[in-house]
>>> print(open('input_21.pdb').read())   # PDB, C-alpha atoms and all ligand atoms
ATOM      1  CA  MET A 297     113.948  95.135  99.195
ATOM      2  CA  LYS A 298     114.001  94.058  95.550
ATOM      3  CA  GLU A 299     117.761  94.651  95.535
ATOM      4  CA  LEU A 300     118.124  92.437  98.620
ATOM      5  CA  ILE A 301     116.083  89.666  96.953
ATOM      6  CA  LYS A 302     118.162  89.918  93.779
ATOM      7  CA  THR A 303     121.377  89.608  95.790
ATOM      8  CA  LEU A 304     120.003  86.655  97.785
ATOM      9  CA  VAL A 305     118.750  84.627  94.808
ATOM     10  CA  GLU A 306     121.846  85.264  92.714
ATOM     11  CA  THR A 307     124.163  83.985  95.437
ATOM     12  CA  ASN A 308     124.919  80.330  94.717
ATOM     13  CA  SER A 309     124.790  78.097  97.807
ATOM     14  CA  PRO A 310     123.456  74.565  97.325
ATOM     15  CA  SER A 311     122.772  72.341 100.346
ATOM     16  CA  GLY A 312     125.857  71.723 102.465
ATOM     17  CA  TYR A 313     127.766  74.582 100.807
ATOM     18  CA  GLU A 314     126.115  77.636 102.359
ATOM     19  CA  ASN A 315     129.221  79.757 103.042
ATOM     20  CA  SER A 316     128.494  82.457 100.453
ATOM     21  CA  ILE A 317     124.833  82.963 101.313
ATOM     22  CA  ARG A 318     125.567  82.916 105.053
ATOM     23  CA  GLN A 319     127.957  85.836 104.616
ATOM     24  CA  VAL A 320     125.387  87.806 102.607
ATOM     25  CA  ILE A 321     122.666  87.196 105.210
ATOM     26  CA  ARG A 322     124.951  87.934 108.164
ATOM     27  CA  HIS A 323     125.934  91.249 106.610
ATOM     28  CA  ASN A 324     122.279  92.207 106.034
ATOM     29  CA  ILE A 325     120.885  91.164 109.421
ATOM     30  CA  GLU A 326     123.672  92.240 111.757
ATOM     31  CA  PRO A 327     122.237  95.729 112.501
ATOM     32  CA  TYR A 328     118.872  94.309 113.606
ATOM     33  CA  VAL A 329     119.796  91.606 116.140
ATOM     34  CA  ASP A 330     121.583  91.419 119.501
ATOM     35  CA  GLU A 331     123.664  88.318 118.926
ATOM     36  CA  ILE A 332     124.737  86.070 116.037
ATOM     37  CA  LYS A 333     125.992  82.507 116.295
ATOM     38  CA  VAL A 334     126.904  79.820 113.766
ATOM     39  CA  ASP A 335     126.459  76.203 114.873
ATOM     40  CA  ALA A 336     128.495  73.167 113.812
ATOM     41  CA  LEU A 337     126.362  72.461 110.720
ATOM     42  CA  GLY A 338     126.525  76.089 109.598
ATOM     43  CA  ASN A 339     123.099  77.343 110.660
ATOM     44  CA  LEU A 340     123.097  81.099 111.251
ATOM     45  CA  LEU A 341     121.312  81.847 114.533
ATOM     46  CA  CYS A 342     120.346  85.485 115.106
ATOM     47  CA  VAL A 343     118.933  86.379 118.513
ATOM     48  CA  ARG A 344     116.840  89.256 119.795
ATOM     49  CA  HIS A 345     116.865  88.875 123.546
ATOM     50  CA  LYS A 346     113.858  89.448 125.763
ATOM     51  CA  GLU A 347     114.170  88.389 129.363
ATOM     52  CA  GLY A 348     111.442  85.961 130.496
ATOM     53  CA  ALA A 349     109.555  85.978 127.175
ATOM     54  CA  LEU A 350     108.421  82.928 125.187
ATOM     55  CA  LYS A 351     111.177  81.793 122.855
ATOM     56  CA  ILE A 352     110.161  81.583 119.196
ATOM     57  CA  MET A 353     112.361  80.004 116.553
ATOM     58  CA  ILE A 354     111.664  81.307 113.053
ATOM     59  CA  SER A 355     113.425  79.259 110.425
ATOM     60  CA  ALA A 356     114.059  80.156 106.796
ATOM     61  CA  HIS A 357     116.406  77.823 104.946
ATOM     62  CA  MET A 358     119.283  79.433 103.107
ATOM     63  CA  ASP A 359     120.376  76.459 100.986
ATOM     64  CA  GLU A 360     119.082  75.776  97.485
ATOM     65  CA  ILE A 361     118.808  72.692  95.307
ATOM     66  CA  GLY A 362     121.831  71.912  93.124
ATOM     67  CA  LEU A 363     123.962  69.238  91.513
ATOM     68  CA  MET A 364     127.081  67.290  92.521
ATOM     69  CA  ALA A 365     129.635  65.889  90.073
ATOM     70  CA  THR A 366     130.059  62.115  90.249
ATOM     71  CA  HIS A 367     132.218  61.360  87.201
ATOM     72  CA  VAL A 368     134.162  63.145  84.478
ATOM     73  CA  ASP A 369     134.733  61.125  81.306
ATOM     74  CA  GLN A 370     137.784  61.368  79.055
ATOM     75  CA  ASN A 371     135.994  63.843  76.789
ATOM     76  CA  GLY A 372     135.262  66.160  79.707
ATOM     77  CA  PHE A 373     131.548  65.413  80.140
ATOM     78  CA  VAL A 374     130.467  65.561  83.794
ATOM     79  CA  ARG A 375     127.894  63.160  85.251
ATOM     80  CA  PHE A 376     126.024  64.283  88.344
ATOM     81  CA  ILE A 377     123.575  63.475  91.101
ATOM     82  CA  PRO A 378     120.951  65.883  92.475
ATOM     83  CA  LEU A 379     121.324  67.790  95.745
ATOM     84  CA  GLY A 380     117.683  67.945  96.792
ATOM     85  CA  GLY A 381     114.599  67.670  94.593
ATOM     86  CA  VAL A 382     115.913  68.271  91.075
ATOM     87  CA  TYR A 383     113.462  67.233  88.363
ATOM     88  CA  PRO A 384     114.741  65.879  85.025
ATOM     89  CA  HIS A 385     112.229  67.917  82.979
ATOM     90  CA  HIS A 386     113.678  71.152  84.396
ATOM     91  CA  CYS A 387     117.265  70.214  83.546
ATOM     92  CA  ILE A 388     117.660  69.745  79.806
ATOM     93  CA  GLY A 389     119.165  72.841  78.217
ATOM     94  CA  GLY A 390     119.701  74.424  81.619
ATOM     95  CA  ARG A 391     122.831  76.221  82.693
ATOM     96  CA  VAL A 392     124.741  75.502  85.873
ATOM     97  CA  ARG A 393     127.665  77.119  87.634
ATOM     98  CA  PHE A 394     130.082  75.221  89.865
ATOM     99  CA  LEU A 395     131.245  76.889  93.053
ATOM    100  CA  ASN A 396     134.777  77.020  91.579
ATOM    101  CA  GLY A 397     133.432  79.320  88.858
ATOM    102  CA  VAL A 398     133.212  76.785  86.013
ATOM    103  CA  SER A 399     129.964  77.073  84.031
ATOM    104  CA  GLY A 400     128.267  74.438  81.917
ATOM    105  CA  VAL A 401     125.113  73.390  80.090
ATOM    106  CA  ILE A 402     123.090  70.246  80.670
ATOM    107  CA  GLY A 403     122.923  67.840  77.750
ATOM    108  CA  VAL A 404     121.208  64.504  77.414
ATOM    109  CA  GLU A 405     121.895  61.150  75.734
ATOM    110  CA  ARG A 406     119.951  60.291  72.613
ATOM    111  CA  THR A 407     116.842  58.296  73.439
ATOM    112  CA  THR A 408     114.822  55.772  71.479
ATOM    113  CA  THR A 409     111.635  56.848  73.274
ATOM    114  CA  PRO A 410     111.481  60.621  72.681
ATOM    115  CA  GLN A 411     108.111  60.968  74.446
ATOM    116  CA  GLU A 412     109.693  59.928  77.731
ATOM    117  CA  ILE A 413     111.598  62.348  79.930
ATOM    118  CA  PRO A 414     115.077  60.871  80.463
ATOM    119  CA  SER A 415     116.253  60.370  84.046
ATOM    120  CA  LEU A 416     119.132  62.400  85.491
ATOM    121  CA  ASP A 417     121.610  59.550  84.954
ATOM    122  CA  LYS A 418     121.093  59.965  81.195
ATOM    123  CA  MET A 419     122.206  63.591  81.450
ATOM    124  CA  PHE A 420     125.594  65.271  81.692
ATOM    125  CA  ILE A 421     127.085  68.706  82.152
ATOM    126  CA  ASP A 422     129.086  70.023  79.218
ATOM    127  CA  VAL A 423     131.579  72.586  80.527
ATOM    128  CA  GLY A 424     133.007  73.190  77.077
ATOM    129  CA  ALA A 425     136.138  71.182  77.739
ATOM    130  CA  ALA A 426     137.941  68.941  75.248
ATOM    131  CA  ASN A 427     138.985  66.366  77.832
ATOM    132  CA  ALA A 428     138.906  65.456  81.523
ATOM    133  CA  GLN A 429     142.045  67.481  82.294
ATOM    134  CA  THR A 430     140.696  70.792  80.978
ATOM    135  CA  ALA A 431     137.217  70.293  82.504
ATOM    136  CA  GLN A 432     138.527  71.514  85.872
ATOM    137  CA  ILE A 433     135.882  69.534  87.754
ATOM    138  CA  LYS A 434     136.632  67.118  90.594
ATOM    139  CA  ILE A 435     134.345  64.399  91.911
ATOM    140  CA  GLY A 436     132.125  66.010  94.546
ATOM    141  CA  ASP A 437     132.247  69.515  93.095
ATOM    142  CA  VAL A 438     128.919  71.254  93.517
ATOM    143  CA  ALA A 439     126.930  73.401  91.092
ATOM    144  CA  ALA A 440     123.890  75.647  91.354
ATOM    145  CA  PHE A 441     121.431  76.478  88.592
ATOM    146  CA  ASP A 442     122.452  79.628  86.809
ATOM    147  CA  ARG A 443     119.526  81.972  86.275
ATOM    148  CA  PRO A 444     119.437  85.688  87.088
ATOM    149  CA  PHE A 445     116.657  87.550  88.870
ATOM    150  CA  LEU A 446     113.834  88.601  86.540
ATOM    151  CA  ASP A 447     111.568  91.512  87.449
ATOM    152  CA  LEU A 448     108.131  91.141  85.821
ATOM    153  CA  GLY A 449     106.705  94.095  87.719
ATOM    154  CA  LYS A 450     104.272  92.770  90.300
ATOM    155  CA  ARG A 451     105.823  89.303  90.011
ATOM    156  CA  TRP A 452     109.420  88.237  90.494
ATOM    157  CA  VAL A 453     111.194  85.211  89.057
ATOM    158  CA  SER A 454     114.463  83.422  89.811
ATOM    159  CA  LYS A 455     116.070  80.173  90.786
ATOM    160  CA  ALA A 456     116.308  79.732  94.566
ATOM    161  CA  MET A 457     113.212  81.796  95.410
ATOM    162  CA  ASP A 458     112.842  78.606  97.487
ATOM    163  CA  ASP A 459     113.752  79.774 100.028
ATOM    164  CA  ARG A 460     115.622  83.028  99.633
ATOM    165  CA  ILE A 461     112.229  84.746  99.541
ATOM    166  CA  GLY A 462     111.641  83.356 103.057
ATOM    167  CA  VAL A 463     115.097  84.617 104.014
ATOM    168  CA  ALA A 464     114.203  88.066 102.633
ATOM    169  CA  VAL A 465     110.887  88.121 104.538
ATOM    170  CA  LEU A 466     112.700  87.292 107.786
ATOM    171  CA  ILE A 467     115.419  89.924 107.292
ATOM    172  CA  GLU A 468     112.917  92.598 106.267
ATOM    173  CA  THR A 469     110.602  91.820 109.191
ATOM    174  CA  LEU A 470     113.422  92.181 111.732
ATOM    175  CA  LYS A 471     114.465  95.396 110.023
ATOM    176  CA  GLN A 472     110.981  96.894 110.447
ATOM    177  CA  LEU A 473     110.049  95.360 113.802
ATOM    178  CA  GLN A 474     110.682  97.567 116.827
ATOM    179  CA  ASN A 475     109.174  95.430 119.582
ATOM    180  CA  SER A 476     108.079  91.863 120.063
ATOM    181  CA  VAL A 477     106.366  89.817 122.744
ATOM    182  CA  PHE A 478     108.897  87.033 122.082
ATOM    183  CA  GLU A 479     112.549  86.292 122.465
ATOM    184  CA  ILE A 480     113.310  85.812 118.777
ATOM    185  CA  TYR A 481     115.671  83.239 117.318
ATOM    186  CA  ALA A 482     115.822  83.985 113.595
ATOM    187  CA  VAL A 483     117.468  80.918 112.113
ATOM    188  CA  PHE A 484     118.819  80.745 108.585
ATOM    189  CA  SER A 485     119.104  76.997 108.257
ATOM    190  CA  VAL A 486     121.309  74.765 106.122
ATOM    191  CA  GLN A 487     120.557  71.530 104.248
ATOM    192  CA  GLU A 488     116.757  71.845 104.187
ATOM    193  CA  GLU A 489     116.558  70.539 100.630
ATOM    194  CA  VAL A 490     118.259  67.259 101.545
ATOM    195  CA  GLY A 491     115.912  66.527 104.471
ATOM    196  CA  VAL A 492     115.558  69.446 106.946
ATOM    197  CA  ARG A 493     118.928  68.587 108.488
ATOM    198  CA  GLY A 494     120.026  72.068 109.572
ATOM    199  CA  ALA A 495     116.744  72.924 111.291
ATOM    200  CA  THR A 496     116.956  69.626 113.154
ATOM    201  CA  THR A 497     120.175  70.549 114.978
ATOM    202  CA  ALA A 498     119.245  74.236 115.231
ATOM    203  CA  ALA A 499     115.917  73.439 116.919
ATOM    204  CA  PHE A 500     117.658  71.121 119.370
ATOM    205  CA  GLY A 501     120.147  73.844 120.245
ATOM    206  CA  VAL A 502     117.592  76.642 120.533
ATOM    207  CA  ALA A 503     114.958  74.544 122.359
ATOM    208  CA  PRO A 504     112.163  76.978 121.426
ATOM    209  CA  ASP A 505     108.717  77.280 123.041
ATOM    210  CA  LEU A 506     107.214  77.499 119.576
ATOM    211  CA  GLY A 507     108.449  77.271 116.008
ATOM    212  CA  LEU A 508     107.528  78.921 112.757
ATOM    213  CA  ALA A 509     109.041  78.087 109.380
ATOM    214  CA  LEU A 510     109.039  80.527 106.483
ATOM    215  CA  ASP A 511     109.095  78.749 103.154
ATOM    216  CA  VAL A 512     107.513  78.673  99.734
ATOM    217  CA  THR A 513     104.525  76.519  98.867
ATOM    218  CA  ALA A 514     103.149  75.341  95.541
ATOM    219  CA  THR A 515     100.085  76.834  93.817
ATOM    220  CA  GLY A 516      97.189  75.352  91.879
ATOM    221  CA  ASP A 517      96.631  78.323  89.590
ATOM    222  CA  THR A 518      98.463  77.376  86.390
ATOM    223  CA  PRO A 519      96.902  75.692  83.286
ATOM    224  CA  LYS A 520      96.058  72.070  84.098
ATOM    225  CA  GLY A 521      98.168  72.330  87.240
ATOM    226  CA  ILE A 522      97.830  70.400  90.479
ATOM    227  CA  LYS A 523      94.542  70.599  92.392
ATOM    228  CA  MET A 524      95.452  73.006  95.153
ATOM    229  CA  GLU A 525      93.621  75.989  96.611
ATOM    230  CA  VAL A 526      96.644  78.289  96.943
ATOM    231  CA  GLU A 527      97.001  80.997  94.275
ATOM    232  CA  LEU A 528      99.611  83.612  93.559
ATOM    233  CA  GLY A 529      98.648  87.094  94.773
ATOM    234  CA  LYS A 530      95.926  86.019  97.233
ATOM    235  CA  GLY A 531      98.124  86.477 100.297
ATOM    236  CA  PRO A 532     100.604  84.373 102.247
ATOM    237  CA  ALA A 533      99.450  80.849 103.079
ATOM    238  CA  ILE A 534      98.989  79.366 106.519
ATOM    239  CA  LYS A 535     100.011  75.738 106.419
ATOM    240  CA  ILE A 536      97.577  73.181 107.738
ATOM    241  CA  ARG A 537      99.217  70.062 106.370
ATOM    242  CA  ASP A 538     102.037  68.846 104.129
ATOM    243  CA  SER A 539     103.623  65.415 103.765
ATOM    244  CA  GLY A 540     105.992  66.145 106.657
ATOM    245  CA  MET A 541     103.713  67.689 109.250
ATOM    246  CA  LEU A 542     100.288  68.439 110.588
ATOM    247  CA  ALA A 543     100.741  72.019 111.720
ATOM    248  CA  ASP A 544      99.793  72.552 115.376
ATOM    249  CA  PRO A 545      96.098  73.586 115.495
ATOM    250  CA  ARG A 546      96.887  76.200 118.146
ATOM    251  CA  ILE A 547      99.486  77.763 115.878
ATOM    252  CA  ILE A 548      97.088  77.663 112.893
ATOM    253  CA  HIS A 549      94.411  79.341 115.034
ATOM    254  CA  TRP A 550      96.855  82.001 116.240
ATOM    255  CA  MET A 551      97.997  82.747 112.679
ATOM    256  CA  ILE A 552      94.469  82.952 111.231
ATOM    257  CA  GLN A 553      93.127  85.113 114.074
ATOM    258  CA  THR A 554      96.072  87.459 113.827
ATOM    259  CA  ALA A 555      95.680  87.794 110.051
ATOM    260  CA  GLU A 556      91.956  88.473 110.363
ATOM    261  CA  GLN A 557      92.334  91.024 113.154
ATOM    262  CA  ALA A 558      94.922  92.900 111.106
ATOM    263  CA  SER A 559      92.932  92.522 107.850
ATOM    264  CA  ILE A 560      95.840  90.808 106.106
ATOM    265  CA  PRO A 561      94.805  88.464 103.259
ATOM    266  CA  TYR A 562      95.766  84.841 103.821
ATOM    267  CA  GLN A 563      95.108  81.405 102.314
ATOM    268  CA  ARG A 564      94.636  78.029 103.970
ATOM    269  CA  GLU A 565      97.274  75.650 102.684
ATOM    270  CA  ILE A 566      97.243  71.923 102.217
ATOM    271  CA  LEU A 567     100.291  70.732 100.298
ATOM    272  CA  GLU A 568     100.139  67.150  99.082
ATOM    273  CA  PHE A 569     103.868  66.640  98.589
ATOM    274  CA  GLY A 570     106.784  68.367 100.255
ATOM    275  CA  GLY A 571     107.890  69.499 103.683
ATOM    276  CA  THR A 572     109.682  72.281 105.526
ATOM    277  CA  ASP A 573     111.808  73.111 108.559
ATOM    278  CA  GLY A 574     108.474  73.204 110.419
ATOM    279  CA  ARG A 575     108.625  69.428 110.679
ATOM    280  CA  ALA A 576     112.111  69.462 112.231
ATOM    281  CA  MET A 577     111.022  72.007 114.846
ATOM    282  CA  GLN A 578     107.772  70.225 115.648
ATOM    283  CA  LEU A 579     109.575  66.916 116.244
ATOM    284  CA  SER A 580     112.478  68.397 118.181
ATOM    285  CA  ARG A 581     113.245  67.121 121.703
ATOM    286  CA  SER A 582     109.894  66.245 123.310
ATOM    287  CA  GLY A 583     107.917  68.203 120.716
ATOM    288  CA  VAL A 584     107.357  71.875 119.907
ATOM    289  CA  PRO A 585     104.140  73.619 118.808
ATOM    290  CA  ALA A 586     105.004  74.576 115.244
ATOM    291  CA  GLY A 587     103.509  76.027 112.084
ATOM    292  CA  VAL A 588     104.523  77.431 108.734
ATOM    293  CA  LEU A 589     103.966  80.769 107.040
ATOM    294  CA  SER A 590     104.208  80.039 103.326
ATOM    295  CA  ILE A 591     104.891  82.274 100.384
ATOM    296  CA  PRO A 592     102.973  81.024  97.305
ATOM    297  CA  CYS A 593     105.372  80.157  94.494
ATOM    298  CA  ARG A 594     104.819  78.805  90.993
ATOM    299  CA  TYR A 595     107.240  76.287  89.470
ATOM    300  CA  VAL A 596     108.862  75.312  92.785
ATOM    301  CA  HIS A 597     112.247  73.631  92.176
ATOM    302  CA  ALA A 598     112.367  74.786  88.547
ATOM    303  CA  PRO A 599     115.165  77.222  87.668
ATOM    304  CA  SER A 600     112.497  79.923  87.308
ATOM    305  CA  GLU A 601     110.358  80.128  90.460
ATOM    306  CA  MET A 602     107.752  82.905  90.547
ATOM    307  CA  VAL A 603     106.416  84.828  93.532
ATOM    308  CA  ASP A 604     104.049  87.783  93.848
ATOM    309  CA  SER A 605     105.411  90.967  95.442
ATOM    310  CA  GLU A 606     102.140  91.649  97.308
ATOM    311  CA  ASP A 607     102.255  88.186  98.875
ATOM    312  CA  VAL A 608     105.785  88.977 100.015
ATOM    313  CA  GLU A 609     104.697  92.318 101.527
ATOM    314  CA  ASN A 610     101.735  90.667 103.248
ATOM    315  CA  ALA A 611     103.957  87.882 104.606
ATOM    316  CA  ILE A 612     106.141  90.551 106.248
ATOM    317  CA  LEU A 613     103.038  92.287 107.661
ATOM    318  CA  LEU A 614     101.639  89.025 109.030
ATOM    319  CA  LEU A 615     104.938  87.921 110.554
ATOM    320  CA  SER A 616     105.291  91.336 112.222
ATOM    321  CA  GLU A 617     101.760  91.058 113.644
ATOM    322  CA  LEU A 618     102.420  87.519 114.879
ATOM    323  CA  LEU A 619     105.528  88.689 116.707
ATOM    324  CA  ASN A 620     103.419  91.273 118.519
ATOM    325  CA  ASN A 621     100.507  88.996 119.431
ATOM    326  CA  PRO A 622     101.194  86.181 121.877
ATOM    327  CA  PRO A 623      99.529  82.837 121.069
ATOM    328  CA  LYS A 624      97.411  80.913 123.563
ATOM    329  CA  LEU A 625      99.218  77.621 124.000
ATOM    330  CA  GLU A 626      97.986  76.556 127.424
ATOM    331  CA  PHE A 627      94.876  74.550 126.499
ATOM    332  CA  LEU A 628      96.820  71.288 126.269
ATOM    333  CA  ALA A 629      97.664  71.574 129.971
TER     334      ALA A 629
HETATM  335 CO    CO B   1     112.567  73.368  98.291
HETATM  336 ZN    ZN B   2     112.039  75.449 100.637
END
>>> encode(input="input_21.pdb", output="C-alpha cells", more="lines below")
Ligand code: CO
Ligand code: ZN
Amino acid sequence: MKELIKTLVETNSPSGYENSIRQVIRHNIEPYVDEIKVDALGNLLCVRHKEGALKIMISAHMDEIGLMATHVDQNGFVRFIPLGGVYPHHCIGGRVRFLNGVSGVIGVERTTTPQEIPSLDKMFIDVGAANAQTAQIKIGDVAAFDRPFLDLGKRWVSKAMDDRIGVAVLIETLKQLQNSVFEIYAVFSVQEEVGVRGATTAAFGVAPDLGLALDVTATGDTPKGIKMEVELGKGPAIKIRDSGMLADPRIIHWMIQTAEQASIPYQREILEFGGTDGRAMQLSRSGVPAGVLSIPCRYVHAPSEMVDSEDVENAILLLSELLNNPPKLEFLA
C-alpha cells in the first residue's frame, strides 16, 4: 500500500488537470469494480452494482493544489496565481514542476518589511532561463509542488497527501471488501481544491441515497498550533462540522456506532476553516444525507503534509465496516 501511496502523491495533477492521476487510479481500481465511467468534468466514477440496494457515493478528490502561470517577463521570470489554497509562507524556496516538464524554484521580491510574509503577487518562479523565449512557459501553464514521498516509519510525508491519501483509502477498501450492503459509487473527483466543483456534477449524476467524503483534516497537536481536538495517530476523524457543512446527524451516529461496535479508534472532528466534497453531496438536488470520514493530517496545503499509517489503516477498517452496516435514515419520515 505504501508503494501505491508513493505513486499517487508523486503524480502531478493540479485542479482541472487531472489526466495523469486519473489514469493511475483507473489502472489501480479496475480489477475491483464492475463499471467505470468518466463524466464531462473528468470525475472518475467506479461502480459496484447491487440490485435494489441503497446507493452510496464515496468521494475522494484526486486533484491537488498548484500554480498557474500568468506572465513571463523578458528575463524569463514567471508570475503566477494559486490553484486552490496556496499559502505564501509555504512557497518561498519551494520547487515546482510544470506539467510540460519544466521545473523551477520560487523566489520573492526584496521587501522593506522583512517581518511580513510577502503575498503571492510578490513572488515568481525562476525556471533557470535567461529570457522569455527559453523559459518555455506559456500563460496558463500549470505547475504542481515538487516534493517526493518521505517515509518516516509510522508517519508518511508528501505534497498532495490532501487528498491522495483519501484516494488510497478508497482503492484499498474496495480491494479488500468482498461484500457490501450498498450499491457503491466510488468517485474520484476533480477540482475540489477550487470549490468542490467535480463532486457537484458527480453527485448530480449519481443521485445517491447517501454520501460520504474521504478527505484529510487538520490537527491541533503541533507546538502552538490551532485549537483543535484532532491528533495524529488517534484514529480517523468523524466530521461533525466544517465551514462548508454540518454533517448529517444520522450519518455521524451511524459512523460512531459502527466504529464503537468494531472497536476502531475514532475522533470527533470540528474543523473551523475548510470544506470537502461532503458539502457538494449534501447540497445536491433536493439534498442528500452526507458525512465525512477524515484522515488527520499535519501541515495541510504545505508541500510536506504528514499522516499517520495507523490512522490510514483504521480509516480503511472503518470504511469497510460502514459498507457492511446499513444506516438508519428513516427517522426524518
Ligand atoms: Co485541500
Ligand atoms: Zn482535500
>>> residues_around(input="input_21.pdb", residues="stretch 387-404 of chain A", least_positions_apart="3", cutoff="9 Å", atoms="all atoms listed in the file", output="NGL selection string")
:A and (308-309 or 313 or 362-364 or 382-384 or 407 or 414 or 416 or 418-424 or 431-433 or 437-443 or 598-599)
>>> closest_atom_pairs(input="input_21.pdb", of="chain A", to="ligand ZN 2 (chain B)", cutoff="6 Å", atoms="only C-alpha atoms and all ligand atoms", output="Markdown table")
| residue | atom | partner | partner_atom | distance |
| --- | --- | --- | --- | --- |
| A:Asp458 | CA | B:ZN2 | ZN | 4.5 |
| A:Asp459 | CA | B:ZN2 | ZN | 4.7 |
| A:Asp511 | CA | B:ZN2 | ZN | 5.1 |
| A:Val512 | CA | B:ZN2 | ZN | 5.6 |
>>> closest_residue(input="input_21.pdb", among="A:Asn324, A:Gln578, A:Thr307, A:Gln563", to="A:Met524", atoms="all atoms listed in the file")
A:Gln563
>>> resolve_selection(input="input_21.pdb", expression="the PyMOL selection byres (((chain A and resi 508) around 10) and not hetatm)", output="ChimeraX atom specification")
/A:352-356,482,506-507,509-511,543,547,573-575,577-578,585-589,615
>>> resolve_selection(input="input_21.pdb", expression="the PyMOL selection byres (((not hetatm)) within 12 of (chain B and resi 1))", output="PyMOL selection string")
chain A and resi 310-311+356-362+379-383+455-462+486-492+510-514+569-573+590-591+593-599+601
>>> closest_residue(input="input_21.pdb", among="A:Met297, A:Ile413, A:Ile325, A:Leu528", to="A:Asp604", atoms="only C-alpha atoms")
A:Leu528
>>> closest_residue(input="input_21.pdb", among="A:Glu525, A:Arg318, A:Ser580, A:Met602", to="A:Ile566", atoms="all atoms listed in the file")
A:Glu525
>>> closest_atom_pairs(input="input_21.pdb", of="stretch 468-581 of chain A", to="stretch 329-334 of chain A", cutoff="10 Å", atoms="only C-alpha atoms", output="tab-separated table")
residue	atom	partner	partner_atom	distance
A:Leu470	CA	A:Val329	CA	7.8
A:Lys471	CA	A:Val329	CA	9.0
A:Ile480	CA	A:Val329	CA	9.1
A:Tyr481	CA	A:Val329	CA	9.4
A:Ala482	CA	A:Val329	CA	9.0
A:Val483	CA	A:Lys333	CA	9.6
A:Phe484	CA	A:Val334	CA	9.6
A:Ser485	CA	A:Val334	CA	10.0
A:Ala498	CA	A:Val334	CA	9.6
>>> resolve_selection(input="input_21.pdb", expression="the PyMOL selection byres (((chain A and resi 624) around 9) and not hetatm)", output="ChimeraX atom specification")
/A:546-547,550,622-623,625-627
>>> axis_aligned_box(input="input_21.pdb", around="stretch 546-554 of chain A", padding_each_side="4 Å", output="JSON")
{"center_x": 96.3, "center_y": 81.8, "center_z": 114.7, "size_x": 14.4, "size_y": 19.3, "size_z": 14.9}
>>> atom_distance(input="input_21.pdb", atom1="atom CA of A:Ser582", atom2="atom CA of A:Glu617")
27.8 Å
>>> closest_residue(input="input_21.pdb", among="A:Arg564, A:Leu619, A:Phe376, A:Ala349", to="A:His549", atoms="all atoms listed in the file")
A:Arg564
>>> atom_distance(input="input_21.pdb", atom1="atom CA of A:Thr554", atom2="atom CA of A:Gln472")
18.0 Å
>>> residues_around(input="input_21.pdb", residues="A:Leu618", least_positions_apart="6", cutoff="10 Å", atoms="only C-alpha atoms", output="ChimeraX atom specification")
/A:476-478,550-555,558,612
>>> residues_around(input="input_21.pdb", residues="A:Lys434", least_positions_apart="4", cutoff="10 Å", atoms="all atoms listed in the file", output="list of chain:residue names")
A:Met364, A:Ala365, A:Thr366, A:His367, A:Val368, A:Val374, A:Ala428, A:Gln429, A:Val438
>>> build_atoms(input="input_21.pdb", residues="stretch 427-437 of chain A", atoms="N, CA, C and O atoms", output="short mmCIF file (atom, residue, chain, number, x, y, z; two decimals), in the frame of the given file")
data_model
loop_
_atom_site.label_atom_id
_atom_site.label_comp_id
_atom_site.auth_asym_id
_atom_site.auth_seq_id
_atom_site.Cartn_x
_atom_site.Cartn_y
_atom_site.Cartn_z
N ASN A 427 138.64 67.62 77.15
CA ASN A 427 138.99 66.37 77.83
C ASN A 427 138.87 66.54 79.35
O ASN A 427 138.62 67.65 79.83
N ALA A 428 139.08 65.43 80.07
CA ALA A 428 138.91 65.46 81.52
C ALA A 428 139.85 66.45 82.20
O ALA A 428 139.48 67.10 83.18
N GLN A 429 141.05 66.60 81.66
CA GLN A 429 142.04 67.48 82.29
C GLN A 429 141.61 68.94 82.25
O GLN A 429 141.75 69.68 83.22
N THR A 430 141.06 69.38 81.10
CA THR A 430 140.70 70.79 80.98
C THR A 430 139.31 71.09 81.54
O THR A 430 138.91 72.26 81.62
N ALA A 431 138.56 70.06 81.96
CA ALA A 431 137.22 70.29 82.50
C ALA A 431 137.26 71.01 83.85
O ALA A 431 136.32 71.71 84.23
N GLN A 432 138.34 70.85 84.58
CA GLN A 432 138.53 71.51 85.87
C GLN A 432 137.43 71.20 86.89
O GLN A 432 137.05 72.05 87.69
N ILE A 433 136.90 69.98 86.80
CA ILE A 433 135.88 69.53 87.75
C ILE A 433 136.38 68.28 88.46
O ILE A 433 136.83 67.33 87.82
N LYS A 434 136.28 68.29 89.78
CA LYS A 434 136.63 67.12 90.59
C LYS A 434 135.35 66.42 91.05
O LYS A 434 134.29 67.04 91.15
N ILE A 435 135.48 65.13 91.35
CA ILE A 435 134.34 64.40 91.91
C ILE A 435 133.92 65.09 93.20
O ILE A 435 134.76 65.41 94.06
N GLY A 436 132.62 65.35 93.34
CA GLY A 436 132.12 66.01 94.55
C GLY A 436 131.98 67.52 94.40
O GLY A 436 131.43 68.16 95.30
N ASP A 437 132.46 68.07 93.30
CA ASP A 437 132.25 69.52 93.10
C ASP A 437 130.75 69.78 92.93
O ASP A 437 130.01 68.98 92.37
#
